[in-house]
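Structure first, commentary second.
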Amino acid sequence: MSMRLTSEQILDKIRRAFAPFHVVAELQDYHRKLGFRVYGEHDEIIGTYEGALVEDLRTPANLKQVIMDARDHVRSKGKNLSPWSFESGTP
């Protein structure tokens, strides 16, 4: 049986994945969907991500893909992210 992530683990991994920037992540639509926003140095919004189904993100590979895509998007805006590992959540 494959590992399934809890809602708290999902939120924690997302919050840690965008250091050094501030992330606000929340469960929406009666905890069925996830939304998160990444804020830059001067509280400007770098990216907003909404609509991912929490049930899909409980599978680590799916969550990792969402995070990697969002990290690529942040980098495409010329922002530097700290090194990050999905397994540990930190460098």
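So you can find residues: chains in the structure tokens are A, B, ... in the order shown, residues in each start at 1, and ligands are numbered from 1 in order.
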
Item to check | Residues of chain A in strand (DSSP E), written as a PyMOL selection string | outcome: chain A and resi 22-28+33-39+45-53

Next on the checklist: I'd like the neighbourhood of Ser76 of chain A as an MDAnalysis selection string, where a residue qualifies if any of its atoms comes within 12 Å (using only C-alpha atoms), though same-chain residues fewer than 5 positions away should be ignored.
Outcome noted: chainID A and resid 46:47 69:71 81

Item to check | DSSP-assigned helix (DSSP H, G or I) among chain A, expressed as a PyMOL selection string | outcome: chain A and resi 7-17+54-57+60-76

Next on the checklist: If we count only C-alpha atoms and set the cut-off at 12 Å, which residues sit around Gln28 of chain A, ignoring sequence neighbours fewer than 4 positions away in its own chain? Please answer as JSON, numbers by chain.
Outcome noted: {"A": [7, 32, 33, 34, 35, 36, 49, 50, 51, 52, 53, 54]}

Serialized selection, all heavy atoms, as a short mmCIF file (atom, residue, chain, number, x, y, z; two decimals), in the first residue's frame:
```cif
data_model
loop_
_atom_site.label_atom_id
_atom_site.label_comp_id
_atom_site.auth_asym_id
_atom_site.auth_seq_id
_atom_site.Cartn_x
_atom_site.Cartn_y
_atom_site.Cartn_z
N SER A 7 -3.64 16.08 5.43
CA SER A 7 -3.82 17.48 5.03
C SER A 7 -2.72 18.35 5.62
O SER A 7 -2.19 19.24 4.95
CB SER A 7 -5.19 17.99 5.47
OG SER A 7 -6.21 17.29 4.80
N ARG A 32 -11.98 20.14 0.34
CA ARG A 32 -11.87 19.31 -0.87
C ARG A 32 -10.78 19.80 -1.81
O ARG A 32 -10.24 19.04 -2.61
CB ARG A 32 -13.20 19.27 -1.62
CG ARG A 32 -14.26 18.47 -0.89
CD ARG A 32 -15.56 18.35 -1.69
NE ARG A 32 -15.32 18.02 -3.07
CZ ARG A 32 -15.76 18.77 -4.12
NH1 ARG A 32 -16.48 19.84 -3.92
NH2 ARG A 32 -15.50 18.40 -5.35
N LYS A 33 -10.48 21.10 -1.75
CA LYS A 33 -9.50 21.69 -2.65
C LYS A 33 -8.44 22.45 -1.87
O LYS A 33 -8.64 22.84 -0.73
CB LYS A 33 -10.19 22.65 -3.62
CG LYS A 33 -11.13 21.95 -4.57
CD LYS A 33 -11.74 22.93 -5.55
CE LYS A 33 -12.70 22.20 -6.48
NZ LYS A 33 -13.34 23.14 -7.40
N LEU A 34 -7.31 22.65 -2.53
CA LEU A 34 -6.20 23.37 -1.94
C LEU A 34 -5.93 24.62 -2.76
O LEU A 34 -5.97 24.59 -3.99
CB LEU A 34 -4.95 22.48 -1.95
CG LEU A 34 -3.67 23.20 -1.54
CD1 LEU A 34 -3.60 23.29 -0.02
CD2 LEU A 34 -2.47 22.50 -2.09
N GLY A 35 -5.64 25.70 -2.07
CA GLY A 35 -5.20 26.92 -2.71
C GLY A 35 -4.01 27.47 -1.96
O GLY A 35 -3.90 27.32 -0.74
N PHE A 36 -3.08 28.09 -2.69
CA PHE A 36 -1.97 28.74 -2.00
C PHE A 36 -1.46 29.91 -2.82
O PHE A 36 -1.65 29.97 -4.03
CB PHE A 36 -0.85 27.77 -1.64
CG PHE A 36 -0.13 27.10 -2.77
CD1 PHE A 36 1.08 27.59 -3.24
CD2 PHE A 36 -0.65 25.94 -3.34
CE1 PHE A 36 1.75 26.94 -4.26
CE2 PHE A 36 0.02 25.29 -4.36
CZ PHE A 36 1.23 25.79 -4.82
N TYR A 49 -2.20 29.79 -6.79
CA TYR A 49 -2.47 28.45 -7.29
C TYR A 49 -3.71 27.93 -6.59
O TYR A 49 -3.75 27.87 -5.36
CB TYR A 49 -1.27 27.54 -7.02
CG TYR A 49 0.02 28.20 -7.46
CD1 TYR A 49 0.76 28.97 -6.57
CD2 TYR A 49 0.45 28.11 -8.77
CE1 TYR A 49 1.91 29.63 -6.98
CE2 TYR A 49 1.60 28.76 -9.19
CZ TYR A 49 2.33 29.52 -8.29
OH TYR A 49 3.45 30.17 -8.70
N GLU A 50 -4.72 27.58 -7.35
CA GLU A 50 -5.99 27.15 -6.76
C GLU A 50 -6.58 25.97 -7.52
O GLU A 50 -6.29 25.77 -8.69
CB GLU A 50 -7.01 28.29 -6.78
CG GLU A 50 -6.63 29.45 -5.92
CD GLU A 50 -7.67 30.55 -5.94
OE1 GLU A 50 -8.16 30.89 -7.03
OE2 GLU A 50 -7.98 31.04 -4.86
N GLY A 51 -7.42 25.24 -6.81
CA GLY A 51 -8.24 24.24 -7.46
C GLY A 51 -7.74 22.81 -7.44
O GLY A 51 -8.42 21.91 -7.89
N ALA A 52 -6.54 22.58 -6.89
CA ALA A 52 -6.05 21.20 -6.83
C ALA A 52 -6.89 20.42 -5.82
O ALA A 52 -7.15 20.90 -4.72
CB ALA A 52 -4.59 21.17 -6.44
N LEU A 53 -7.32 19.25 -6.19
CA LEU A 53 -8.11 18.42 -5.28
C LEU A 53 -7.21 17.81 -4.21
O LEU A 53 -6.20 17.17 -4.52
CB LEU A 53 -8.82 17.32 -6.04
CG LEU A 53 -9.92 17.77 -7.01
CD1 LEU A 53 -10.45 16.58 -7.80
CD2 LEU A 53 -11.05 18.46 -6.26
N VAL A 54 -7.57 18.01 -2.97
CA VAL A 54 -6.78 17.50 -1.85
C VAL A 54 -6.61 15.98 -1.96
O VAL A 54 -5.53 15.45 -1.71
CB VAL A 54 -7.41 17.90 -0.50
CG1 VAL A 54 -6.70 17.22 0.66
CG2 VAL A 54 -7.38 19.41 -0.34
#
```

Item to check | 8 Å contact set for Phe18 of chain A, only C-alpha atoms, chain neighbours under 2 positions out, as a VMD selection string | outcome: chain A and resid 14 to 16 20 to 23 38 71 81 to 82

Next on the checklist: Neighbouring residues of Lys64 of chain A were defined as those with any atom within 12 Å, considering only C-alpha atoms; residues of the same chain fewer than 3 positions away were excluded. Please report them as a PyMOL selection string.
Outcome noted: chain A and resi 5+10+13-14+17+56-61+67-71+84-89

Next on the checklist: Between atom CA of Leu11 of chain A and atom CA of Pro83 of chain A, what is the distance in Å, rounded to a tenth?
Outcome noted: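 If I compute the distance from atom CA of Leu11 of chain A to atom CA of Pro83 of chain A, I get 18.2 Å.
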
Checklist entry - In Å to one decimal, how far is atom CA of Val24 of chain A from atom CA of Tyr39 of chain A? => result 8.2 Å

Next on the checklist: What does the structure give for the distance between atom CA of Met3 of chain A and atom CA of Arg75 of chain A, in Å to one decimal?
Outcome noted: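 Atom CA of Arg75 of chain A lies 29.4 Å from atom CA of Met3 of chain A.
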
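Here the question is which of A:Thr48, A:Gly40, A:Arg4, A:Val74 gets nearest to Ala25 of chain A using only C-alpha atoms, and that residue is A:Thr48.
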